[in-house]
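So this one's entry_33.cif, mmCIF, C-alpha atoms and all ligand atoms:
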data_query
#
loop_
_atom_site.group_PDB
_atom_site.id
_atom_site.type_symbol
_atom_site.label_atom_id
_atom_site.label_comp_id
_atom_site.auth_asym_id
_atom_site.auth_seq_id
_atom_site.Cartn_x
_atom_site.Cartn_y
_atom_site.Cartn_z
ATOM 1 C CA MET A 2 73.122 15.405 -1.904
ATOM 2 C CA GLY A 3 69.590 14.454 -0.982
ATOM 3 C CA PHE A 4 66.383 15.515 -2.642
ATOM 4 C CA GLU A 5 62.808 15.752 -1.486
ATOM 5 C CA TYR A 6 60.878 12.619 -2.359
ATOM 6 C CA HIS A 7 57.151 13.172 -2.333
ATOM 7 C CA ALA A 8 55.725 9.800 -1.435
ATOM 8 C CA SER A 9 52.417 8.788 0.017
ATOM 9 C CA ARG A 10 54.356 6.559 2.351
ATOM 10 C CA LYS A 11 57.493 7.485 4.192
ATOM 11 C CA PHE A 12 60.265 4.983 3.780
ATOM 12 C CA PRO A 13 63.361 4.842 5.947
ATOM 13 C CA LEU A 14 65.559 5.553 2.916
ATOM 14 C CA ASP A 15 68.001 8.244 1.833
ATOM 15 C CA ALA A 16 67.040 9.707 -1.519
ATOM 16 C CA LEU A 17 70.102 10.752 -3.522
ATOM 17 C CA ARG A 18 70.292 12.616 -6.787
ATOM 18 C CA ARG A 19 73.017 11.300 -9.080
ATOM 19 C CA ALA A 20 73.940 11.974 -12.690
ATOM 20 C CA GLY A 21 72.320 8.724 -13.881
ATOM 21 C CA GLY A 22 69.086 9.329 -11.949
ATOM 22 C CA PRO A 23 67.754 9.056 -8.425
ATOM 23 C CA VAL A 24 69.300 6.545 -6.056
ATOM 24 C CA PHE A 25 67.662 5.212 -2.911
ATOM 25 C CA ARG A 26 69.869 4.014 -0.106
ATOM 26 C CA ALA A 27 68.790 1.830 2.796
ATOM 27 C CA VAL A 28 70.958 1.510 5.891
ATOM 28 C CA CYS A 29 70.158 -1.494 8.069
ATOM 29 C CA LYS A 30 69.218 -0.297 11.527
ATOM 30 C CA SER A 31 70.534 -3.478 13.113
ATOM 31 C CA CYS A 32 73.944 -3.961 11.498
ATOM 32 C CA GLY A 33 74.576 -0.837 9.425
ATOM 33 C CA ALA A 34 74.728 -2.709 6.094
ATOM 34 C CA LYS A 35 73.976 -0.468 3.123
ATOM 35 C CA ARG A 36 72.152 -1.135 -0.105
ATOM 36 C CA GLU A 37 71.656 1.339 -2.926
ATOM 37 C CA ILE A 38 69.189 0.882 -5.765
ATOM 38 C CA ASP A 39 69.304 3.311 -8.632
ATOM 39 C CA PHE A 40 66.545 4.357 -10.975
ATOM 40 C CA VAL A 41 66.449 6.171 -14.295
ATOM 41 C CA GLN A 42 63.512 8.345 -13.196
ATOM 42 C CA THR A 43 61.911 9.082 -9.862
ATOM 43 C CA PRO A 44 59.819 5.944 -9.259
ATOM 44 C CA PRO A 45 56.420 5.699 -7.585
ATOM 45 C CA PRO A 46 56.597 4.591 -3.937
ATOM 46 C CA ASP A 47 55.297 1.085 -4.586
ATOM 47 C CA VAL A 48 58.109 0.448 -7.072
ATOM 48 C CA VAL A 49 60.689 1.582 -4.531
ATOM 49 C CA LEU A 50 59.160 -0.705 -1.917
ATOM 50 C CA ARG A 51 59.002 -3.635 -4.343
ATOM 51 C CA LYS A 52 62.635 -3.284 -5.440
ATOM 52 C CA PHE A 53 63.943 -3.299 -1.882
ATOM 53 C CA THR A 54 61.602 -6.105 -0.906
ATOM 54 C CA GLN A 55 62.760 -8.218 -3.834
ATOM 55 C CA ALA A 56 66.347 -7.556 -2.719
ATOM 56 C CA GLY A 57 65.414 -9.099 0.627
ATOM 57 C CA TRP A 58 65.131 -5.886 2.646
ATOM 58 C CA THR A 59 62.235 -4.824 4.794
ATOM 59 C CA LEU A 60 61.255 -1.177 5.100
ATOM 60 C CA GLY A 61 58.997 -0.756 8.099
ATOM 61 C CA LYS A 62 59.669 1.985 10.595
ATOM 62 C CA ALA A 63 63.353 1.147 10.046
ATOM 63 C CA ALA A 64 65.229 -0.558 7.221
ATOM 64 C CA ARG A 65 66.596 -4.051 7.810
ATOM 65 C CA CYS A 66 68.948 -6.053 5.604
ATOM 66 C CA PRO A 67 68.161 -9.642 4.512
ATOM 67 C CA ALA A 68 70.493 -11.118 7.171
ATOM 68 C CA CYS A 69 68.878 -9.137 9.976
ATOM 69 C CA VAL A 70 65.306 -9.807 8.805
ATOM 70 C CA GLY A 71 66.000 -13.494 9.466
ATOM 71 C CA GLY A 72 67.881 -12.762 12.695
ATOM 72 C CA ARG A 73 65.126 -10.559 14.062
ATOM 73 C CA ALA A 74 62.499 -13.204 13.340
ATOM 74 C CA ALA A 75 64.617 -15.807 15.131
ATOM 75 C CA ALA A 76 65.139 -13.503 18.119
ATOM 76 C CA GLY A 77 61.389 -13.075 18.348
ATOM 77 C CA ASN A 78 60.885 -16.790 18.874
ATOM 78 C CA PRO A 79 60.427 -17.490 22.571
ATOM 79 C CA GLN A 80 62.098 -20.869 22.168
ATOM 80 C CA PRO A 81 64.877 -21.753 19.763
ATOM 81 C CA PHE A 82 63.909 -24.032 16.947
ATOM 82 C CA ASP A 83 64.627 -27.598 17.888
ATOM 83 C CA ARG A 84 63.746 -30.327 15.448
ATOM 84 C CA GLY A 85 64.021 -33.014 18.114
ATOM 85 C CA GLU A 86 61.297 -31.467 20.263
ATOM 86 C CA MET A 87 59.156 -30.384 17.370
ATOM 87 C CA LYS A 88 58.974 -33.665 15.509
ATOM 88 C CA ASP A 89 55.587 -34.624 16.944
ATOM 89 C CA MET A 90 54.003 -31.265 16.279
ATOM 90 C CA PRO A 91 52.073 -30.552 13.096
ATOM 91 C CA GLU A 92 54.150 -28.937 10.370
ATOM 92 C CA THR A 93 52.244 -25.653 10.591
ATOM 93 C CA GLU A 94 52.905 -25.303 14.318
ATOM 94 C CA ALA A 95 56.687 -25.348 14.008
ATOM 95 C CA PRO A 96 58.272 -21.885 14.247
ATOM 96 C CA ALA A 97 59.626 -20.730 10.918
ATOM 97 C CA ALA A 98 63.364 -20.931 10.493
ATOM 98 C CA PRO A 99 64.961 -17.492 9.976
ATOM 99 C CA ALA A 100 65.433 -17.802 6.207
ATOM 100 C CA ARG A 101 61.828 -18.924 5.810
ATOM 101 C CA ALA A 102 60.582 -16.099 8.032
ATOM 102 C CA GLY A 103 62.312 -13.534 5.826
ATOM 103 C CA LYS A 104 60.912 -15.170 2.695
ATOM 104 C CA ILE A 105 57.368 -15.159 4.077
ATOM 105 C CA HIS A 106 57.781 -11.512 5.044
ATOM 106 C CA ARG A 107 58.770 -10.607 1.487
ATOM 107 C CA GLN A 108 56.076 -12.779 -0.114
ATOM 108 C CA THR A 109 53.450 -11.152 2.090
ATOM 109 C CA ILE A 110 54.508 -7.656 1.038
ATOM 110 C CA LEU A 111 54.561 -8.634 -2.639
ATOM 111 C CA ALA A 112 51.096 -10.232 -2.344
ATOM 112 C CA LEU A 113 49.744 -7.121 -0.628
ATOM 113 C CA GLU A 114 51.206 -5.001 -3.438
ATOM 114 C CA ASP A 115 49.169 -7.057 -5.902
ATOM 115 C CA TYR A 116 45.981 -7.676 -3.952
ATOM 116 C CA TYR A 117 45.523 -4.562 -1.815
ATOM 117 C CA ASP A 118 44.249 -1.286 -3.243
ATOM 118 C CA GLU A 119 45.937 1.466 -1.254
ATOM 119 C CA GLN A 120 43.689 4.225 -2.604
ATOM 120 C CA ALA A 121 40.497 2.424 -1.654
ATOM 121 C CA LYS A 122 42.092 0.950 1.494
ATOM 122 C CA ALA A 123 40.464 -2.297 0.519
ATOM 123 C CA PHE A 124 41.391 -5.671 -0.882
ATOM 124 C CA ARG A 125 40.679 -6.404 -4.506
ATOM 125 C CA PRO A 126 37.628 -8.653 -5.011
ATOM 126 C CA GLY A 127 38.038 -12.109 -3.541
ATOM 127 C CA ARG A 128 41.215 -11.188 -1.645
ATOM 128 C CA SER A 129 41.706 -10.811 2.088
ATOM 129 C CA ASP A 130 44.305 -11.160 4.810
ATOM 130 C CA LYS A 131 43.123 -14.758 5.041
ATOM 131 C CA SER A 132 43.389 -15.530 1.322
ATOM 132 C CA ILE A 133 46.953 -14.207 1.290
ATOM 133 C CA ALA A 134 47.774 -16.169 4.447
ATOM 134 C CA ASP A 135 46.445 -19.354 2.824
ATOM 135 C CA GLU A 136 48.372 -18.684 -0.384
ATOM 136 C CA ILE A 137 51.678 -18.084 1.396
ATOM 137 C CA ASP A 138 51.055 -20.648 4.118
ATOM 138 C CA THR A 139 51.311 -18.279 7.057
ATOM 139 C CA SER A 140 48.834 -16.976 9.630
ATOM 140 C CA GLU A 141 46.089 -14.445 8.986
ATOM 141 C CA ALA A 142 47.293 -12.464 12.020
ATOM 142 C CA PHE A 143 50.768 -12.163 10.472
ATOM 143 C CA VAL A 144 49.388 -10.840 7.162
ATOM 144 C CA ARG A 145 47.186 -8.370 9.039
ATOM 145 C CA LYS A 146 50.177 -7.136 11.040
ATOM 146 C CA ILE A 147 52.307 -6.623 7.912
ATOM 147 C CA ARG A 148 49.420 -4.929 6.088
ATOM 148 C CA GLU A 149 48.831 -2.503 8.937
ATOM 149 C CA GLU A 150 52.539 -1.769 9.304
ATOM 150 C CA TYR A 151 53.269 -1.146 5.619
ATOM 151 C CA PHE A 152 49.933 -0.315 4.010
ATOM 152 C CA GLY A 153 47.595 0.845 6.784
ATOM 153 C CA PRO A 154 44.146 -0.083 8.067
ATOM 154 C CA LEU A 155 41.202 -1.183 5.934
ATOM 155 C CA ALA A 156 38.583 1.482 5.156
ATOM 156 C CA GLN A 157 35.916 -0.876 6.450
ATOM 157 C CA PRO A 158 36.222 -4.010 8.565
ATOM 158 C CA SER A 159 36.934 -7.092 6.470
ATOM 159 C CA GLN A 160 33.755 -8.847 7.627
ATOM 160 C CA LEU A 161 31.729 -5.903 6.290
ATOM 161 C CA ALA A 162 33.702 -5.807 3.045
ATOM 162 C CA ALA A 163 33.035 -9.524 2.559
ATOM 163 C CA ILE A 164 29.290 -9.008 2.909
ATOM 164 C CA SER A 165 29.391 -5.954 0.631
ATOM 165 C CA ALA A 166 31.031 -8.106 -2.026
ATOM 166 C CA ARG A 167 28.281 -10.715 -1.649
ATOM 167 C CA ILE A 168 25.578 -8.029 -1.947
ATOM 168 C CA ASP A 169 27.227 -6.736 -5.138
ATOM 169 C CA LYS A 170 27.376 -10.271 -6.538
ATOM 170 C CA ALA A 171 23.729 -10.948 -5.638
ATOM 171 C CA ALA A 172 22.672 -7.709 -7.342
ATOM 172 C CA ASN A 173 24.588 -8.682 -10.490
ATOM 173 C CA ASP A 174 23.069 -12.162 -10.448
ATOM 174 C CA LEU A 175 19.575 -10.686 -10.133
ATOM 175 C CA THR A 176 20.165 -8.376 -13.092
ATOM 176 C CA ALA A 177 21.373 -11.322 -15.184
ATOM 177 C CA LEU A 178 18.388 -13.490 -14.166
ATOM 178 C CA ARG A 179 15.918 -10.730 -15.091
ATOM 179 C CA ALA A 180 17.585 -10.382 -18.482
ATOM 180 C CA ASP A 181 17.375 -14.164 -19.058
ATOM 181 C CA TYR A 182 13.709 -14.132 -18.016
ATOM 182 C CA ALA A 183 12.858 -11.277 -20.378
ATOM 183 C CA ALA A 184 14.796 -12.832 -23.254
ATOM 184 C CA LEU A 185 13.052 -16.197 -22.896
ATOM 185 C CA CYS A 186 9.606 -14.549 -22.730
ATOM 186 C CA LYS A 187 10.356 -12.506 -25.821
ATOM 187 C CA LYS A 188 11.682 -15.476 -27.777
ATOM 188 C CA ASN A 189 8.598 -17.631 -27.031
ATOM 189 C CA GLY A 190 5.964 -14.948 -27.108
ATOM 190 C CA TRP A 191 5.168 -15.484 -23.433
ATOM 191 C CA VAL A 192 3.897 -12.460 -21.562
HETATM 192 ZN ZN ZN A 201 71.483 -5.919 8.952
#

Could you render the structure from this file as structure tokens?
Amino acid sequence: MGFEYHASRKFPLDALRRAGGPVFRAVCKSCGAKREIDFVQTPPPDVVLRKFTQAGWTLGKAARCPACVGGRAAAGNPQPFDRGEMKDMPETEAPAAPARAGKIHRQTILALEDYYDEQAKAFRPGRSDKSIADEIDTSEAFVRKIREEYFGPLAQPSQLAAISARIDKAANDLTALRADYAALCKKNGWV
């Protein structure tokens, strides 16, 4: 028996009402594997997303199990991973092995949960697609793709947001400098 789950985001999940509380069930679109996670109360959408992500699932337009997240990433590689051919290439240029691809996918979602403000459609101060990419050791383009798929577009372009943050910081610095100036004048009797 399903129930209506009012969420700001739509997840590819079945919402079930059980005696112990709501249960969310994901069915892998690729292999049909099922995973149920139960809750005591109806959780906010980000908690639902986090629980499935921590379990290794991805919930984009369709749910995928941990095995298929890795398999899909491998299938997307134009050339199979071959250590022999790759040995001369820089570490960062080598395609990620499936298990690593799934891990990066999950880490990116978890980082976005922490660093991206969905209401404001903006990163928290000092955070960006690039800062997350650097932290996780993946590409900025990958983080942007995941953000847009799961969380949506930024309210303003990131270049503009970066400058806005600098303007805010400059304004704060100016206020602090004026206060220091006034305090020093007052202390010494300077006009
Ligand atoms: Zn699967």

Task: Residue with smallest distance to ligand ZN 201 (chain A) - pool A:Ala184, A:Ala20, A:Val48, A:Ala63, counting all atoms listed in the file - done: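 Under the stated criterion, the closest residue is A:Ala63.
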
Name the residues that the PyMOL selection byres (((not hetatm)) within 8 of (chain A and resi 201)) pulls out of this structure, and write them as a PDB file with C-alpha atoms, in the coordinates of the input.
ATOM      1  CA  CYS A  29      70.158  -1.494   8.069  1.00  0.00           C
ATOM      2  CA  LYS A  30      69.218  -0.297  11.527  1.00  0.00           C
ATOM      3  CA  SER A  31      70.534  -3.478  13.113  1.00  0.00           C
ATOM      4  CA  CYS A  32      73.944  -3.961  11.498  1.00  0.00           C
ATOM      5  CA  GLY A  33      74.576  -0.837   9.425  1.00  0.00           C
ATOM      6  CA  ALA A  34      74.728  -2.709   6.094  1.00  0.00           C
ATOM      7  CA  ARG A  65      66.596  -4.051   7.810  1.00  0.00           C
ATOM      8  CA  CYS A  66      68.948  -6.053   5.604  1.00  0.00           C
ATOM      9  CA  PRO A  67      68.161  -9.642   4.512  1.00  0.00           C
ATOM     10  CA  ALA A  68      70.493 -11.118   7.171  1.00  0.00           C
ATOM     11  CA  CYS A  69      68.878  -9.137   9.976  1.00  0.00           C
ATOM     12  CA  VAL A  70      65.306  -9.807   8.805  1.00  0.00           C
TER      13      VAL A  70
END

Open item on the list: With distances taken over all atoms listed in the file, which residue among A:Leu50, A:Ile147, A:Leu14, A:Ala121 lies nearest A:Ala162?
Closed with: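 Of all the options, A:Ala121 lies closest to A:Ala162.
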
Task: Between atom CA of A:Leu155 and atom CA of A:Gly127 - distance in Å to one decimal - done: 14.8 Å

Task: Hits of the PyMOL selection byres (((chain A and resi 42) around 12) and not hetatm) in this structure, as an NGL selection string - done: :A and (6 or 17-25 or 38-41 or 43-45 or 48-49)

Writer output for current selection, C-alpha atoms, as an mmCIF file, keeping the file's coordinate frame:
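The new file again-v5.cif reads:
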data_model
loop_
_atom_site.group_PDB
_atom_site.id
_atom_site.type_symbol
_atom_site.label_atom_id
_atom_site.label_comp_id
_atom_site.auth_asym_id
_atom_site.auth_seq_id
_atom_site.Cartn_x
_atom_site.Cartn_y
_atom_site.Cartn_z
ATOM 1 C CA TYR A 6 60.878 12.619 -2.359
ATOM 2 C CA LEU A 17 70.102 10.752 -3.522
ATOM 3 C CA ARG A 18 70.292 12.616 -6.787
ATOM 4 C CA ARG A 19 73.017 11.300 -9.080
ATOM 5 C CA ALA A 20 73.940 11.974 -12.690
ATOM 6 C CA GLY A 21 72.320 8.724 -13.881
ATOM 7 C CA GLY A 22 69.086 9.329 -11.949
ATOM 8 C CA PRO A 23 67.754 9.056 -8.425
ATOM 9 C CA VAL A 24 69.300 6.545 -6.056
ATOM 10 C CA PHE A 25 67.662 5.212 -2.911
ATOM 11 C CA ILE A 38 69.189 0.882 -5.765
ATOM 12 C CA ASP A 39 69.304 3.311 -8.632
ATOM 13 C CA PHE A 40 66.545 4.357 -10.975
ATOM 14 C CA VAL A 41 66.449 6.171 -14.295
ATOM 15 C CA THR A 43 61.911 9.082 -9.862
ATOM 16 C CA PRO A 44 59.819 5.944 -9.259
ATOM 17 C CA PRO A 45 56.420 5.699 -7.585
ATOM 18 C CA VAL A 48 58.109 0.448 -7.072
ATOM 19 C CA VAL A 49 60.689 1.582 -4.531
#

Open item on the list: Translate the PyMOL selection byres (((chain A and resi 156) around 12) and not hetatm) into a concrete residue list for this structure, as JSON, numbers by chain.
Closed with: {"A": [117, 118, 119, 120, 121, 122, 123, 124, 149, 152, 153, 154, 155, 157, 158, 159, 160, 161, 162]}

Open item on the list: If I take atom CA of A:Ile164 and atom CA of A:Tyr116, how far is one from the other in Å, to one decimal?
Closed with: 18.1 Å

TODO: Pick out the closest residue to A:Arg148 from this set: A:Thr54, A:Thr109, A:Asn189, A:Ser165. Count all atoms listed in the file.
DONE: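 The closest residue to A:Arg148 is A:Thr109.
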
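The nearest approach to A:Glu141 among the residues A:Gln108, A:Ser129, A:Gln55, A:Thr176, with all atoms listed in the file taken into account, belongs to A:Ser129.
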
3 Å per side around stretch 13-26 of chain A: axis-aligned box centre and edge lengths, as JSON:
{"center_x": 68.7, "center_y": 8.3, "center_z": -4.0, "size_x": 16.6, "size_y": 14.6, "size_z": 25.8}

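With distances taken over all atoms listed in the file, A:Ala102 is the one residue among A:Ala102, A:Gly190, A:Asp181, A:Pro126 lying closest to A:Asp138.
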
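Compared by their closest atoms to A:Lys146, and using all atoms listed in the file, the residues A:Leu185, A:Ala134, A:Val28, A:Ala56 rank with A:Ala134 nearest.
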
Task: Between atom CA of A:Arg36 and atom CA of A:Ile137 - distance in Å to one decimal - done: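 These two atoms are separated by 26.6 Å.
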
Please write stretch 160-191 of chain A of the preceding block to a file containing N, CA and C atoms, as a PDB file, in the first residue's frame?
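The resulting file, selection20.pdb, is shown below:
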ATOM      1  N   GLN A 160      30.480  32.129 -11.573  1.00  0.00           N
ATOM      2  CA  GLN A 160      31.454  33.222 -11.650  1.00  0.00           C
ATOM      3  C   GLN A 160      30.909  34.470 -10.932  1.00  0.00           C
ATOM      4  N   LEU A 161      29.581  34.704 -11.143  1.00  0.00           N
ATOM      5  CA  LEU A 161      28.944  35.863 -10.519  1.00  0.00           C
ATOM      6  C   LEU A 161      28.873  35.673  -8.999  1.00  0.00           C
ATOM      7  N   ALA A 162      28.530  34.460  -8.586  1.00  0.00           N
ATOM      8  CA  ALA A 162      28.443  34.180  -7.150  1.00  0.00           C
ATOM      9  C   ALA A 162      29.795  34.382  -6.487  1.00  0.00           C
ATOM     10  N   ALA A 163      30.867  33.997  -7.195  1.00  0.00           N
ATOM     11  CA  ALA A 163      32.214  34.156  -6.629  1.00  0.00           C
ATOM     12  C   ALA A 163      32.533  35.635  -6.422  1.00  0.00           C
ATOM     13  N   ILE A 164      32.159  36.465  -7.388  1.00  0.00           N
ATOM     14  CA  ILE A 164      32.431  37.896  -7.245  1.00  0.00           C
ATOM     15  C   ILE A 164      31.546  38.501  -6.157  1.00  0.00           C
ATOM     16  N   SER A 165      30.284  38.055  -6.101  1.00  0.00           N
ATOM     17  CA  SER A 165      29.396  38.543  -5.032  1.00  0.00           C
ATOM     18  C   SER A 165      29.993  38.260  -3.667  1.00  0.00           C
ATOM     19  N   ALA A 166      30.563  37.078  -3.510  1.00  0.00           N
ATOM     20  CA  ALA A 166      31.169  36.715  -2.224  1.00  0.00           C
ATOM     21  C   ALA A 166      32.350  37.631  -1.917  1.00  0.00           C
ATOM     22  N   ARG A 167      33.113  37.986  -2.943  1.00  0.00           N
ATOM     23  CA  ARG A 167      34.262  38.880  -2.729  1.00  0.00           C
ATOM     24  C   ARG A 167      33.795  40.286  -2.369  1.00  0.00           C
ATOM     25  N   ILE A 168      32.693  40.732  -3.011  1.00  0.00           N
ATOM     26  CA  ILE A 168      32.144  42.062  -2.675  1.00  0.00           C
ATOM     27  C   ILE A 168      31.693  42.079  -1.209  1.00  0.00           C
ATOM     28  N   ASP A 169      30.987  40.998  -0.799  1.00  0.00           N
ATOM     29  CA  ASP A 169      30.532  40.921   0.592  1.00  0.00           C
ATOM     30  C   ASP A 169      31.724  40.959   1.548  1.00  0.00           C
ATOM     31  N   LYS A 170      32.785  40.245   1.212  1.00  0.00           N
ATOM     32  CA  LYS A 170      33.959  40.198   2.077  1.00  0.00           C
ATOM     33  C   LYS A 170      34.616  41.580   2.138  1.00  0.00           C
ATOM     34  N   ALA A 171      34.720  42.241   0.978  1.00  0.00           N
ATOM     35  CA  ALA A 171      35.334  43.575   0.946  1.00  0.00           C
ATOM     36  C   ALA A 171      34.524  44.549   1.794  1.00  0.00           C
ATOM     37  N   ALA A 172      33.204  44.456   1.717  1.00  0.00           N
ATOM     38  CA  ALA A 172      32.344  45.350   2.502  1.00  0.00           C
ATOM     39  C   ALA A 172      32.557  45.110   3.997  1.00  0.00           C
ATOM     40  N   ASN A 173      32.667  43.842   4.381  1.00  0.00           N
ATOM     41  CA  ASN A 173      32.903  43.512   5.794  1.00  0.00           C
ATOM     42  C   ASN A 173      34.264  44.019   6.262  1.00  0.00           C
ATOM     43  N   ASP A 174      35.272  43.849   5.390  1.00  0.00           N
ATOM     44  CA  ASP A 174      36.611  44.329   5.725  1.00  0.00           C
ATOM     45  C   ASP A 174      36.619  45.840   5.934  1.00  0.00           C
ATOM     46  N   LEU A 175      35.897  46.550   5.063  1.00  0.00           N
ATOM     47  CA  LEU A 175      35.837  48.010   5.141  1.00  0.00           C
ATOM     48  C   LEU A 175      35.191  48.453   6.460  1.00  0.00           C
ATOM     49  N   THR A 176      34.108  47.766   6.827  1.00  0.00           N
ATOM     50  CA  THR A 176      33.433  48.084   8.082  1.00  0.00           C
ATOM     51  C   THR A 176      34.391  47.885   9.260  1.00  0.00           C
ATOM     52  N   ALA A 177      35.138  46.786   9.228  1.00  0.00           N
ATOM     53  CA  ALA A 177      36.073  46.486  10.315  1.00  0.00           C
ATOM     54  C   ALA A 177      37.204  47.519  10.366  1.00  0.00           C
ATOM     55  N   LEU A 178      37.706  47.924   9.200  1.00  0.00           N
ATOM     56  CA  LEU A 178      38.784  48.921   9.145  1.00  0.00           C
ATOM     57  C   LEU A 178      38.308  50.267   9.699  1.00  0.00           C
ATOM     58  N   ARG A 179      37.091  50.655   9.335  1.00  0.00           N
ATOM     59  CA  ARG A 179      36.543  51.933   9.839  1.00  0.00           C
ATOM     60  C   ARG A 179      36.402  51.896  11.355  1.00  0.00           C
ATOM     61  N   ALA A 180      35.999  50.746  11.872  1.00  0.00           N
ATOM     62  CA  ALA A 180      35.852  50.608  13.327  1.00  0.00           C
ATOM     63  C   ALA A 180      37.221  50.710  14.011  1.00  0.00           C
ATOM     64  N   ASP A 181      38.237  50.063  13.417  1.00  0.00           N
ATOM     65  CA  ASP A 181      39.598  50.131  13.970  1.00  0.00           C
ATOM     66  C   ASP A 181      40.110  51.577  13.958  1.00  0.00           C
ATOM     67  N   TYR A 182      39.857  52.255  12.853  1.00  0.00           N
ATOM     68  CA  TYR A 182      40.282  53.652  12.681  1.00  0.00           C
ATOM     69  C   TYR A 182      39.660  54.526  13.765  1.00  0.00           C
ATOM     70  N   ALA A 183      38.340  54.378  13.930  1.00  0.00           N
ATOM     71  CA  ALA A 183      37.624  55.199  14.916  1.00  0.00           C
ATOM     72  C   ALA A 183      38.101  54.892  16.329  1.00  0.00           C
ATOM     73  N   ALA A 184      38.340  53.611  16.607  1.00  0.00           N
ATOM     74  CA  ALA A 184      38.753  53.207  17.951  1.00  0.00           C
ATOM     75  C   ALA A 184      40.134  53.780  18.298  1.00  0.00           C
ATOM     76  N   LEU A 185      41.039  53.737  17.332  1.00  0.00           N
ATOM     77  CA  LEU A 185      42.393  54.246  17.548  1.00  0.00           C
ATOM     78  C   LEU A 185      42.378  55.764  17.765  1.00  0.00           C
ATOM     79  N   CYS A 186      41.563  56.464  16.961  1.00  0.00           N
ATOM     80  CA  CYS A 186      41.441  57.923  17.113  1.00  0.00           C
ATOM     81  C   CYS A 186      40.920  58.269  18.502  1.00  0.00           C
ATOM     82  N   LYS A 187      39.907  57.518  18.913  1.00  0.00           N
ATOM     83  CA  LYS A 187      39.265  57.799  20.202  1.00  0.00           C
ATOM     84  C   LYS A 187      40.245  57.557  21.346  1.00  0.00           C
ATOM     85  N   LYS A 188      40.967  56.474  21.267  1.00  0.00           N
ATOM     86  CA  LYS A 188      41.908  56.071  22.309  1.00  0.00           C
ATOM     87  C   LYS A 188      43.024  57.115  22.494  1.00  0.00           C
ATOM     88  N   ASN A 189      43.493  57.691  21.368  1.00  0.00           N
ATOM     89  CA  ASN A 189      44.623  58.625  21.402  1.00  0.00           C
ATOM     90  C   ASN A 189      44.215  60.087  21.384  1.00  0.00           C
ATOM     91  N   GLY A 190      42.950  60.332  21.293  1.00  0.00           N
ATOM     92  CA  GLY A 190      42.496  61.723  21.241  1.00  0.00           C
ATOM     93  C   GLY A 190      42.764  62.401  19.904  1.00  0.00           C
ATOM     94  N   TRP A 191      43.021  61.566  18.848  1.00  0.00           N
ATOM     95  CA  TRP A 191      43.206  62.138  17.533  1.00  0.00           C
ATOM     96  C   TRP A 191      41.844  62.460  16.933  1.00  0.00           C
TER      97      TRP A 191
END
